[in-house]
Every structure is written in C-alpha cells, then in structure tokens.
>>> print(open('coords_11.txt').read())   # compact mmCIF, C-alpha atoms and all ligand atoms
# COMPACT_ATOMS: atom_id res chain seq x y z
CA MET V 787 35.64 -5.94 -13.39
CA ASP V 788 33.63 -5.33 -10.22
CA SER V 789 34.34 -7.84 -7.50
CA PRO V 790 31.69 -8.75 -4.96
CA GLU V 791 31.71 -6.36 -2.03
CA THR V 792 33.67 -7.65 0.93
CA SER V 793 32.23 -8.97 4.16
CA SER V 794 33.10 -5.67 5.90
CA ASN V 795 29.96 -4.26 4.27
CA PRO V 796 26.66 -4.63 6.14
CA PRO V 797 24.57 -7.54 4.81
CA LEU V 798 22.69 -6.84 1.60
CA LEU V 799 18.97 -6.14 2.03
CA ALA V 800 16.52 -7.44 -0.57
CA GLY V 801 13.01 -6.08 -1.07
CA ILE V 802 10.00 -6.92 -3.23
CA GLU V 803 6.96 -4.72 -3.75
CA ALA V 804 4.70 -7.42 -5.14
CA GLY V 805 1.83 -5.53 -6.76
CA GLY V 806 -1.06 -6.95 -8.71
CA THR V 807 0.01 -4.91 -11.75
CA LYS V 808 3.77 -4.67 -11.33
CA TYR V 809 6.60 -6.23 -9.34
CA VAL V 810 9.40 -4.01 -8.02
CA CYS V 811 12.58 -5.67 -6.70
CA ALA V 812 15.50 -3.85 -5.07
CA VAL V 813 18.70 -4.48 -3.13
CA GLY V 814 20.79 -2.17 -0.99
CA HIS V 815 22.36 -1.46 2.37
CA ASP V 816 20.23 1.61 3.01
CA PRO V 817 16.48 1.17 2.31
CA GLU V 818 16.18 4.77 1.18
CA ASN V 819 18.94 4.47 -1.41
CA PRO V 820 18.82 1.09 -3.18
CA LEU V 821 21.93 0.07 -5.12
CA SER V 822 19.84 -1.54 -7.82
CA GLU V 823 16.14 -1.77 -8.65
CA ILE V 824 14.04 -3.47 -11.34
CA ARG V 825 10.31 -3.27 -12.18
CA PHE V 826 8.31 -5.53 -14.49
CA PRO V 827 4.64 -6.41 -15.07
CA THR V 828 3.16 -9.07 -12.77
CA GLY V 829 2.56 -12.06 -15.04
CA GLU V 830 2.01 -15.74 -14.39
CA PRO V 831 3.44 -16.54 -10.91
CA GLY V 832 6.25 -18.93 -11.93
CA ASP V 833 7.59 -16.44 -14.51
CA THR V 834 7.22 -13.50 -12.17
CA ILE V 835 9.12 -15.15 -9.32
CA GLY V 836 11.68 -16.41 -11.89
CA GLU V 837 12.33 -12.85 -13.02
CA ALA V 838 12.72 -11.68 -9.41
CA VAL V 839 15.15 -14.53 -8.64
CA ASN V 840 17.27 -13.69 -11.70
CA PHE V 841 17.53 -10.10 -10.50
CA PHE V 842 18.57 -11.19 -6.98
CA ARG V 843 21.14 -13.71 -8.30
CA GLU V 844 22.81 -10.99 -10.37
CA ALA V 845 22.71 -8.64 -7.39
CA ILE V 846 24.42 -11.29 -5.19
CA GLU V 847 27.21 -11.64 -7.77
CA GLN V 848 27.75 -7.93 -7.83
CA TYR V 849 27.21 -6.91 -4.20
CA GLY V 850 27.59 -10.06 -2.09
CA PRO V 851 25.19 -12.30 -0.15
CA ILE V 852 21.69 -11.25 0.84
CA GLY V 853 21.20 -10.99 4.62
CA ALA V 854 17.40 -10.69 4.70
CA MET V 855 14.42 -10.15 2.44
CA GLY V 856 11.23 -8.13 2.94
CA ILE V 857 8.14 -8.59 0.77
CA GLY V 858 5.12 -6.31 0.61
CA THR V 859 2.46 -8.15 -1.36
CA PHE V 860 -0.93 -7.57 -2.89
CA GLY V 861 -3.62 -9.50 -1.07
CA PRO V 862 -5.40 -11.12 0.38
CA ALA V 863 -2.38 -13.03 1.61
CA ASP V 864 -1.34 -15.31 4.46
CA ILE V 865 1.03 -13.10 6.47
CA ASN V 866 0.77 -15.08 9.71
CA SER V 867 4.24 -16.52 10.25
CA ARG V 868 2.80 -19.30 12.47
CA SER V 869 0.40 -20.50 9.76
CA SER V 870 1.24 -23.53 7.57
CA GLY V 871 0.21 -21.44 4.55
CA TYR V 872 2.51 -18.51 5.42
CA GLY V 873 3.69 -16.75 2.27
CA GLY V 874 0.68 -17.68 0.17
CA ILE V 875 -1.72 -15.57 -1.87
CA LEU V 876 -5.33 -16.36 -0.92
CA THR V 877 -8.42 -15.79 -3.10
CA THR V 878 -7.66 -13.59 -6.11
CA PRO V 879 -9.01 -13.36 -9.64
CA LYS V 880 -5.42 -12.96 -10.92
CA PRO V 881 -4.78 -16.07 -13.06
CA GLY V 882 -2.59 -18.66 -11.33
CA TRP V 883 -2.02 -16.68 -8.12
CA ALA V 884 -4.80 -18.02 -5.86
CA GLY V 885 -3.09 -20.49 -3.52
CA TYR V 886 0.39 -19.72 -4.88
CA ASN V 887 3.03 -19.58 -2.15
CA VAL V 888 5.47 -16.75 -2.89
CA VAL V 889 7.78 -17.43 0.05
CA SER V 890 8.05 -21.17 -0.70
CA ALA V 891 8.79 -20.44 -4.36
CA LEU V 892 11.56 -17.99 -3.43
CA ARG V 893 13.03 -20.39 -0.86
CA GLU V 894 13.04 -23.26 -3.36
CA ARG V 895 15.00 -21.23 -5.86
CA MET V 896 17.21 -19.16 -3.53
CA GLY V 897 17.82 -21.52 -0.61
CA GLU V 898 16.42 -21.76 2.89
CA SER V 899 18.98 -19.66 4.69
CA VAL V 900 17.76 -16.12 4.00
CA PRO V 901 15.20 -14.86 6.54
CA ILE V 902 12.09 -13.52 4.78
CA THR V 903 9.27 -11.30 6.05
CA PHE V 904 5.99 -11.49 4.13
CA GLU V 905 3.70 -8.51 4.71
CA THR V 906 0.89 -6.73 2.90
CA ASP V 907 1.98 -4.03 0.44
CA VAL V 908 0.26 -1.39 2.56
CA ASN V 909 1.85 -2.55 5.83
CA ALA V 910 5.23 -2.38 4.06
CA ALA V 911 4.44 1.16 2.85
CA ALA V 912 3.47 2.14 6.40
CA VAL V 913 6.85 0.85 7.63
CA GLY V 914 8.62 2.84 4.89
CA GLU V 915 6.76 6.01 5.84
CA ALA V 916 7.39 5.47 9.56
CA GLU V 917 11.13 4.99 9.11
CA PHE V 918 11.90 7.41 6.29
CA GLY V 919 8.80 9.34 5.21
CA ALA V 920 5.93 11.42 6.59
CA ALA V 921 5.45 9.35 9.77
CA ILE V 922 8.92 9.44 11.32
CA GLN V 923 8.72 8.92 15.10
CA LYS V 924 5.00 8.11 14.87
CA ARG V 925 4.04 4.82 16.57
CA ASN V 926 0.49 4.38 15.23
CA VAL V 927 0.51 4.88 11.52
CA CYS V 928 -2.22 4.33 8.97
CA TYR V 929 -1.23 4.12 5.29
CA ILE V 930 -4.10 4.10 2.79
CA THR V 931 -3.75 3.62 -0.95
CA ILE V 932 -6.39 4.80 -3.42
CA GLY V 933 -5.69 3.16 -6.77
CA THR V 934 -7.24 0.28 -8.70
CA GLY V 935 -8.50 -0.79 -5.28
CA ILE V 936 -8.40 0.70 -1.81
CA GLY V 937 -6.27 -0.82 0.93
CA GLY V 938 -4.87 0.20 4.27
CA GLY V 939 -1.89 -0.81 6.38
CA PHE V 940 -1.37 -0.06 10.07
CA LEU V 941 1.51 0.10 12.47
CA HIS V 942 0.27 -0.50 15.97
CA ASP V 943 2.90 0.85 18.37
CA GLY V 944 5.41 0.53 15.53
CA VAL V 945 4.52 -3.08 14.61
CA PRO V 946 2.51 -4.05 11.48
CA LEU V 947 -1.05 -4.93 12.50
CA HIS V 948 -2.30 -8.33 11.30
CA GLY V 949 -5.40 -9.46 13.16
CA ARG V 950 -7.00 -12.75 12.16
CA MET V 951 -5.85 -12.23 8.54
CA HIS V 952 -5.13 -8.54 7.88
CA PRO V 953 -7.38 -5.48 7.67
CA GLU V 954 -9.09 -4.78 4.35
CA ILE V 955 -10.36 -1.27 4.81
CA GLY V 956 -11.46 -1.02 1.18
CA HIS V 957 -14.57 -2.90 2.24
CA MET V 958 -15.54 -0.57 5.10
CA LEU V 959 -19.11 0.52 4.56
CA VAL V 960 -19.86 4.21 3.97
CA PRO V 961 -23.14 6.04 3.18
CA ASN V 962 -24.11 6.33 -0.46
CA LEU V 963 -23.76 10.05 -1.29
CA GLU V 964 -24.31 9.72 -5.04
CA GLY V 965 -27.90 11.01 -4.94
CA GLU V 966 -26.58 14.51 -4.20
CA TYR V 967 -24.73 14.69 -7.54
CA GLU V 968 -25.67 14.33 -11.19
CA MET V 969 -23.72 11.54 -12.85
CA SER V 970 -23.88 9.30 -15.87
CA ASN V 971 -23.51 5.88 -14.27
CA PRO V 972 -23.95 5.58 -10.48
CA GLY V 973 -23.37 2.46 -8.38
CA SER V 974 -20.59 0.58 -6.60
CA VAL V 975 -17.84 -1.20 -8.56
CA CYS V 976 -17.33 -3.75 -5.76
CA PRO V 977 -18.94 -7.05 -6.81
CA PHE V 978 -19.51 -7.94 -3.13
CA HIS V 979 -20.89 -4.74 -1.56
CA ASP V 980 -23.40 -2.08 -2.55
CA ASN V 981 -21.76 0.62 -0.48
CA CYS V 982 -18.14 -0.02 0.46
CA ILE V 983 -15.47 2.64 0.10
CA GLU V 984 -13.58 0.73 -2.63
CA GLY V 985 -16.85 0.37 -4.55
CA PHE V 986 -17.40 4.14 -4.40
CA ALA V 987 -13.98 5.77 -4.30
CA SER V 988 -11.37 3.61 -6.09
CA GLY V 989 -9.96 4.75 -9.45
CA PRO V 990 -12.32 2.43 -11.41
CA ALA V 991 -15.31 3.77 -9.38
CA ILE V 992 -14.49 7.33 -10.48
CA GLU V 993 -14.13 6.21 -14.09
CA LYS V 994 -17.42 4.29 -14.09
CA ARG V 995 -19.42 7.04 -12.43
CA TRP V 996 -18.21 9.99 -14.49
CA GLY V 997 -17.37 8.21 -17.74
CA ALA V 998 -13.67 9.18 -17.69
CA PRO V 999 -10.63 8.29 -15.54
CA GLY V 1000 -9.60 10.69 -12.78
CA HIS V 1001 -6.69 12.27 -14.60
CA GLU V 1002 -9.07 13.43 -17.38
CA LEU V 1003 -11.46 15.23 -15.01
CA SER V 1004 -10.93 18.97 -14.43
CA ASP V 1005 -9.84 20.26 -11.02
CA ASP V 1006 -13.28 21.82 -10.42
CA HIS V 1007 -15.24 18.70 -11.46
CA PRO V 1008 -17.81 17.64 -8.81
CA ALA V 1009 -16.09 14.24 -8.80
CA TRP V 1010 -13.47 15.61 -6.41
CA ASP V 1011 -15.91 16.91 -3.82
CA LEU V 1012 -17.67 13.54 -3.72
CA GLN V 1013 -14.33 11.72 -3.69
CA ALA V 1014 -13.06 13.79 -0.76
CA ARG V 1015 -16.28 13.16 1.18
CA TYR V 1016 -16.02 9.40 0.77
CA LEU V 1017 -12.39 9.40 1.84
CA ALA V 1018 -13.15 11.70 4.79
CA HIS V 1019 -15.81 9.21 5.94
CA GLY V 1020 -13.16 6.48 5.81
CA CYS V 1021 -10.69 8.60 7.81
CA VAL V 1022 -13.29 9.41 10.49
CA ASN V 1023 -14.18 5.73 10.82
CA LEU V 1024 -10.51 4.78 11.16
CA THR V 1025 -10.01 7.51 13.75
CA ALA V 1026 -12.98 6.25 15.73
CA ALA V 1027 -12.02 2.59 15.50
CA TRP V 1028 -8.28 2.72 15.80
CA SER V 1029 -6.93 6.13 16.92
CA PRO V 1030 -3.88 6.59 14.68
CA ASP V 1031 -1.22 9.28 15.16
CA VAL V 1032 -1.26 10.00 11.44
CA ILE V 1033 -3.16 8.95 8.31
CA ILE V 1034 -1.10 8.88 5.12
CA ILE V 1035 -3.00 8.60 1.84
CA GLY V 1036 -1.19 7.52 -1.34
CA GLY V 1037 -1.95 5.74 -4.62
CA GLY V 1038 -2.65 6.91 -8.17
CA VAL V 1039 -5.86 8.82 -7.42
CA ILE V 1040 -4.14 11.01 -4.81
CA GLN V 1041 -2.10 12.57 -7.62
CA GLN V 1042 -5.21 14.71 -8.17
CA LYS V 1043 -4.14 18.16 -7.01
CA GLY V 1044 -6.10 19.54 -4.07
CA LEU V 1045 -7.69 16.24 -3.05
CA ILE V 1046 -5.87 15.92 0.29
CA PRO V 1047 -6.82 19.48 1.44
CA ARG V 1048 -10.46 18.72 0.53
CA ILE V 1049 -10.35 15.47 2.53
CA ARG V 1050 -9.04 17.44 5.55
CA GLU V 1051 -11.90 19.96 5.21
CA HIS V 1052 -14.56 17.27 5.04
CA PHE V 1053 -12.92 15.32 7.84
CA ALA V 1054 -13.15 18.39 10.10
CA LYS V 1055 -16.85 18.85 9.22
CA LEU V 1056 -17.74 15.19 9.73
CA ALA V 1057 -15.73 14.77 12.94
CA GLY V 1058 -17.29 17.85 14.57
CA ASP V 1059 -15.53 18.94 17.75
CA TYR V 1060 -15.38 15.44 19.13
CA TRP V 1061 -11.63 14.79 18.84
CA GLY V 1062 -10.43 18.04 20.38
CA ASN V 1063 -6.91 16.71 20.90
CA LEU V 1064 -6.16 15.64 17.29
CA PRO V 1065 -3.03 17.11 15.71
CA PRO V 1066 -3.57 19.95 13.20
CA MET V 1067 -5.23 18.55 10.03
CA GLU V 1068 -2.09 19.25 7.94
CA ASP V 1069 -0.17 16.87 10.22
CA TYR V 1070 -2.92 14.33 10.74
CA ILE V 1071 -3.84 13.61 7.10
CA GLN V 1072 -0.85 13.68 4.78
CA GLU V 1073 0.50 12.55 1.44
CA PRO V 1074 3.30 9.96 1.51
CA GLY V 1075 6.68 11.54 2.20
CA LEU V 1076 8.26 8.87 -0.02
CA GLY V 1077 5.77 9.29 -2.88
CA GLN V 1078 5.56 6.20 -5.08
CA GLN V 1079 8.65 4.67 -3.35
CA ALA V 1080 6.93 4.00 0.00
CA GLY V 1081 6.28 0.32 -0.81
CA ILE V 1082 9.74 -0.71 -1.95
CA VAL V 1083 11.54 1.37 0.72
CA GLY V 1084 9.24 -0.29 3.27
CA ALA V 1085 10.04 -3.77 1.91
CA LEU V 1086 13.77 -3.06 2.35
CA ALA V 1087 13.13 -1.63 5.82
CA LEU V 1088 11.27 -4.85 6.73
CA ALA V 1089 14.36 -6.80 5.65
CA GLN V 1090 16.50 -4.54 7.84
CA ARG V 1091 14.21 -5.20 10.83
CA LEU V 1092 15.09 -8.92 10.51
CA LEU V 1093 18.81 -8.32 11.05
P1 LIG Y 1101 -2.50 0.25 -8.64
O1 LIG Y 1101 -3.63 0.42 -7.67
O2 LIG Y 1101 -2.84 -0.68 -9.76
O3 LIG Y 1101 -1.20 -0.05 -7.98
P2 LIG Y 1101 -2.25 3.16 -8.91
O4 LIG Y 1101 -2.08 3.35 -7.45
O5 LIG Y 1101 -1.30 3.84 -9.83
O6 LIG Y 1101 -2.28 1.64 -9.38
O7 LIG Y 1101 -3.74 3.67 -9.26
C1 LIG Y 1101 -4.31 3.56 -10.52
C2 LIG Y 1101 -5.60 4.39 -10.54
O8 LIG Y 1101 -5.29 5.77 -10.34
C3 LIG Y 1101 -6.33 4.31 -11.88
O9 LIG Y 1101 -7.70 4.02 -11.63
C4 LIG Y 1101 -6.17 5.71 -12.49
O10 LIG Y 1101 -7.30 6.10 -13.21
C5 LIG Y 1101 -5.99 6.59 -11.26
N1 LIG Y 1101 -5.15 7.76 -11.56
C6 LIG Y 1101 -3.94 7.78 -12.12
N2 LIG Y 1101 -3.48 9.04 -12.24
C7 LIG Y 1101 -4.42 9.86 -11.71
C8 LIG Y 1101 -4.55 11.27 -11.53
N3 LIG Y 1101 -3.58 12.11 -11.91
N4 LIG Y 1101 -5.65 11.74 -10.94
C9 LIG Y 1101 -6.62 10.89 -10.53
N5 LIG Y 1101 -6.59 9.56 -10.70
C10 LIG Y 1101 -5.51 9.03 -11.28
ZN ZN Y 1102 -16.50 -4.13 -1.13
>>> encode(input="coords_11.txt", output="structure tokens", more="lines below")
Ligand code: ADP
Ligand code: ZN
Amino acid sequence: MDSPETSSNPPLLAGIEAGGTKYVCAVGHDPENPLSEIRFPTGEPGDTIGEAVNFFREAIEQYGPIGAMGIGTFGPADINSRSSGYGGILTTPKPGWAGYNVVSALRERMGESVPITFETDVNAAAVGEAEFGAAIQKRNVCYITIGTGIGGGFLHDGVPLHGRMHPEIGHMLVPNLEGEYEMSNPGSVCPFHDNCIEGFASGPAIEKRWGAPGHELSDDHPAWDLQARYLAHGCVNLTAAWSPDVIIIGGGVIQQKGLIPRIREHFAKLAGDYWGNLPPMEDYIQEPGLGQQAGIVGALALAQRLL
C-alpha cells in the first residue's frame, strides 16, 4: 500500500479551476505536472465544493498535507483579500451561486490553516502562461478567453491586476460591423449592451448570428472575418489602454483554425503605424502555450506563489 509521502517532499500544492460549466481540481508539487486531477460538472454549490473537498482529502491521504491552495474562479467574484466578502461569487444567474462564499466553504470543511488565493479564472490562466506557457519572462500579460462568454485577465508587472473589482473586458464596447455582412439573425447576445464584444463575438453570438455553432462553420465562412475584426478591435483597445507585452487568446472559439492569424492581420490594419515599437505580430498575439491547461496550471502556480 502507498504510504503518504514524507515531509522531505515539498508541500503539496492544490488548485481549482472553478468554471461555470466544469470544476477542475488538481494537486502536485510541480504546477505543470499534477500528480492527480479530477474534473466534474459545476452543479449546486454545496455539492460542487463537497466533491472538490473529497478529492483533496483523498489526495492528502495519498501524498501528504496541502501547503497552499490556488483558485481561479468564474465571476464576477470578490477577489479583494481585504474585503469582508473575500472568496464570494457576486451576481450570477447560476442557481445558488450568487453570494456563495467558496473560500469560506472550503475553510469550513478543510480547516483554517491552509493559505488560499482566490483569483479570477483568467488571471489564473495568465499566471499559468507567464510561468510555464507562451508568456514566460513577460511582465505585462493579457490572457483573453473566447468561449461561452469573453473574459480577460492581466498581469501588471507580474502581479494579477484587480482594480476596484476586476476587469471584465467582455463588456468593452466595439463598433457594430454586422451591416457589412449578410446574416440570418443579427444583434448582440449580451442582455445589458447593444454593442459589447461578448455580445458580438462570444461562442453563443456566433451561433445566434449564423444559425450554427462555430465548429460547424466552414473555414472560409464570412463568420471568421467578422469574428477576427471584432477581436482585433478588442486587442487594439487593450493595447491603447493598458500596453501589454503580449496578448494570449484562448477558449473554445479559438480552436477555429486560422483565426489568430486573421486577428493579427486586422490588428495591424486597425492599429496603423501608431505603435511602431510593438513586437512582431506573431509574438504579440498568441495562442496559449498551455492550451486548455492554462487555468489549472495557473491555479497551482498561484498556490506555489503563497509558499
Ligand atoms: P466555456 O466558456 O464554457 O468554458 P469553451 O471555452 O470551451 O467553454 O467555449 C465554448 C464555446 O466555444 C461554444 O460556444 C462553442 O460553440 C465554441 N466552440 C467550441 N469548439 C469550437 C471550434 N472548433 N470552433 C469554433 N468555436 C468552437
Ligand atoms: Zn455586455
């Protein structure tokens, strides 16, 4: 029978990628190579945290005590460690989650002693990419995800950017370009804004507009030109507002072949010659080096930063 690893090992790192659709939990000594990982659908909060705690308890039996935990969560969330609501999910339509405090629930069931960092999923992914992926040695990193929604995380001089709450770049406003294309069902999918980038360029926006999800549209479908233009607008705005070293774009929609090169082309056109000192486009706008693992690797890296 396996005995728990001895204290000569470095402390065990625990990570949670807390997505709105699925939870991923992992433990390990090296964020890039977890010893054990589990993924399950995000259900009612008590059950979901219960499942995570069961996984961590088994991991402790097998590998020894947890030294620190990093969480990258869906939002909006209270990630301000000085706030009384730190660790909580804010407004969300997900049943039961609005006002639920993830960090308190974990502490209640696992004890107070383990230090926990609670970050946005996209800030965690940015940390993963900066330490192990496409943004190694970059200090100012933007990680954007294009999936069911659009979100962005930032490392400002290596440190996750929070602000008053945290950035929500999905709701940046962009011009409506739909009039230049023929489509079955135009309009934003964001219930709050007529022309935000999430409303125009998330996976559900593509599906609504063209009548089929992205993976069913051919490579030469006009959807991809429009998609690249919207995302290029977002990248120009981020460049103007925040001056990153690199913009990494991940999420389900980016699996569409050729989308990133098209975004670079449109970025160059929209930006003009203004930013003469930008890195080459292939270095400036990139896919995640860690692929779909950026979030969970980042959560483990956040745990490591606590030690
Ligand atoms: P989530 O945002 O829920 O974490 P994902 O990042 O996987 O999930 O994104 C899901 C979205 O990506 C869906 O809207 C889906 O239609 C879209 N999608 C999945 N695969 C592809 C693909 N190959 N090409 C374009 N879009 C895709
Ligand atoms: Zn919006």
>>> atom_distance(input="coords_11.txt", atom1="atom CA of Ile936 of chain V", atom2="atom CA of His948 of chain V")
17.0 Å
>>> closest_residue(input="coords_11.txt", among="V:Gly871, V:Phe841, V:Asn866, V:Ala916", to="Met896 of chain V", atoms="all atoms listed in the file")
V:Phe841
>>> residues_around(input="coords_11.txt", residues="Leu1024 of chain V", least_positions_apart="2", cutoff="12 Å", atoms="all atoms listed in the file", output="PyMOL selection string")
chain V and resi 926-930+938-940+953-956+958-960+1017-1022+1026-1034+1053+1057+1071
>>> residues_near_ligand(input="coords_11.txt", ligand="ligand ZN 1102 (chain Y)", cutoff="8 Å", atoms="only C-alpha atoms and all ligand atoms", output="MDAnalysis selection string")
chainID V and resid 956:959 976:985
>>> atom_distance(input="coords_11.txt", atom1="atom CA of Val813 of chain V", atom2="atom CA of Ile846 of chain V")
9.1 Å
>>> closest_atom_pairs(input="coords_11.txt", of="chain V", to="ligand LIG 1101 (chain Y)", cutoff="10 Å", atoms="only C-alpha atoms and all ligand atoms", output="Markdown table")
| residue | atom | partner | partner_atom | distance |
| --- | --- | --- | --- | --- |
| V:Ala804 | CA | Y:LIG1101 | O3 | 9.9 |
| V:Gly805 | CA | Y:LIG1101 | O3 | 6.4 |
| V:Gly806 | CA | Y:LIG1101 | O2 | 6.6 |
| V:Thr807 | CA | Y:LIG1101 | O2 | 5.5 |
| V:Lys808 | CA | Y:LIG1101 | O3 | 7.6 |
| V:Phe860 | CA | Y:LIG1101 | O3 | 9.1 |
| V:Asp907 | CA | Y:LIG1101 | O3 | 9.8 |
| V:Thr931 | CA | Y:LIG1101 | O4 | 6.7 |
| V:Ile932 | CA | Y:LIG1101 | O4 | 6.1 |
| V:Gly933 | CA | Y:LIG1101 | O7 | 3.2 |
| V:Thr934 | CA | Y:LIG1101 | O1 | 3.8 |
| V:Gly935 | CA | Y:LIG1101 | O1 | 5.6 |
| V:Ile936 | CA | Y:LIG1101 | O1 | 7.6 |
| V:Gly937 | CA | Y:LIG1101 | O1 | 9.1 |
| V:Ala987 | CA | Y:LIG1101 | O9 | 9.8 |
| V:Ser988 | CA | Y:LIG1101 | O9 | 6.7 |
| V:Gly989 | CA | Y:LIG1101 | O9 | 3.2 |
| V:Pro990 | CA | Y:LIG1101 | O9 | 4.9 |
| V:Ala991 | CA | Y:LIG1101 | O9 | 7.9 |
| V:Ile992 | CA | Y:LIG1101 | O9 | 7.6 |
| V:Glu993 | CA | Y:LIG1101 | O10 | 6.9 |
| V:Ala998 | CA | Y:LIG1101 | O10 | 8.4 |
| V:Pro999 | CA | Y:LIG1101 | O10 | 4.6 |
| V:Gly1000 | CA | Y:LIG1101 | C9 | 3.7 |
| V:His1001 | CA | Y:LIG1101 | N4 | 3.8 |
| V:Glu1002 | CA | Y:LIG1101 | N4 | 7.5 |
| V:Leu1003 | CA | Y:LIG1101 | C9 | 7.9 |
| V:Ser1004 | CA | Y:LIG1101 | N4 | 9.6 |
| V:Asp1005 | CA | Y:LIG1101 | N4 | 9.5 |
| V:Trp1010 | CA | Y:LIG1101 | C9 | 9.3 |
| V:Gly1036 | CA | Y:LIG1101 | O4 | 7.5 |
| V:Gly1037 | CA | Y:LIG1101 | O4 | 3.7 |
| V:Gly1038 | CA | Y:LIG1101 | O7 | 3.6 |
| V:Val1039 | CA | Y:LIG1101 | N5 | 3.4 |
| V:Ile1040 | CA | Y:LIG1101 | C9 | 6.2 |
| V:Gln1041 | CA | Y:LIG1101 | N3 | 4.6 |
| V:Gln1042 | CA | Y:LIG1101 | N4 | 4.1 |
| V:Lys1043 | CA | Y:LIG1101 | N4 | 7.7 |
| V:Leu1045 | CA | Y:LIG1101 | C9 | 9.3 |
| V:Gln1078 | CA | Y:LIG1101 | O4 | 8.5 |
>>> closest_residue(input="coords_11.txt", among="V:His815, V:Asn1023, V:Glu898, V:Val945", to="Ala912 of chain V", atoms="all atoms listed in the file")
V:Val945
>>> atom_distance(input="coords_11.txt", atom1="atom CA of Asp864 of chain V", atom2="atom CA of Gln1079 of chain V")
23.7 Å
>>> residues_around(input="coords_11.txt", residues="Arg825 of chain V", least_positions_apart="4", cutoff="10 Å", atoms="all atoms listed in the file", output="VMD selection string")
chain V and resid 802 to 804 808 to 812 837 to 838
>>> residues_around(input="coords_11.txt", residues="Thr906 of chain V", least_positions_apart="2", cutoff="7 Å", atoms="all atoms listed in the file", output="VMD selection string")
chain V and resid 858 to 861 908 to 910
>>> residues_around(input="coords_11.txt", residues="Phe904 of chain V", least_positions_apart="4", cutoff="8 Å", atoms="all atoms listed in the file", output="list of chain:residue names")
V:Gly856, V:Ile857, V:Gly858, V:Thr859, V:Ile865, V:Tyr872, V:Gly873, V:Val889
>>> closest_residue(input="coords_11.txt", among="V:Gly914, V:Gly1044, V:Gly1077, V:Pro851", to="Gly944 of chain V", atoms="all atoms listed in the file")
V:Gly914
>>> residues_around(input="coords_11.txt", residues="segment 797-801 of chain V", least_positions_apart="5", cutoff="10 Å", atoms="only C-alpha atoms", output="PyMOL selection string")
chain V and resi 791-792+810-817+820-823+842+845-846+849-858+900+902-903+1081-1090+1092-1093
>>> closest_residue(input="coords_11.txt", among="V:Ala884, V:Leu1056, V:Arg895, V:Pro862", to="Gly836 of chain V", atoms="all atoms listed in the file")
V:Arg895
>>> closest_residue(input="coords_11.txt", among="V:Ser970, V:Thr878, V:Asn840, V:Thr828", to="Ala863 of chain V", atoms="all atoms listed in the file")
V:Thr878
>>> closest_residue(input="coords_11.txt", among="V:Gly973, V:Gly874, V:Gly1075, V:Pro831", to="Ser890 of chain V", atoms="only C-alpha atoms")
V:Gly874
>>> axis_aligned_box(input="coords_11.txt", around="segment 797-810 of chain V", padding_each_side="6 Å", output="JSON")
{"center_x": 11.8, "center_y": -5.8, "center_z": -3.5, "size_x": 37.6, "size_y": 15.5, "size_z": 28.6}
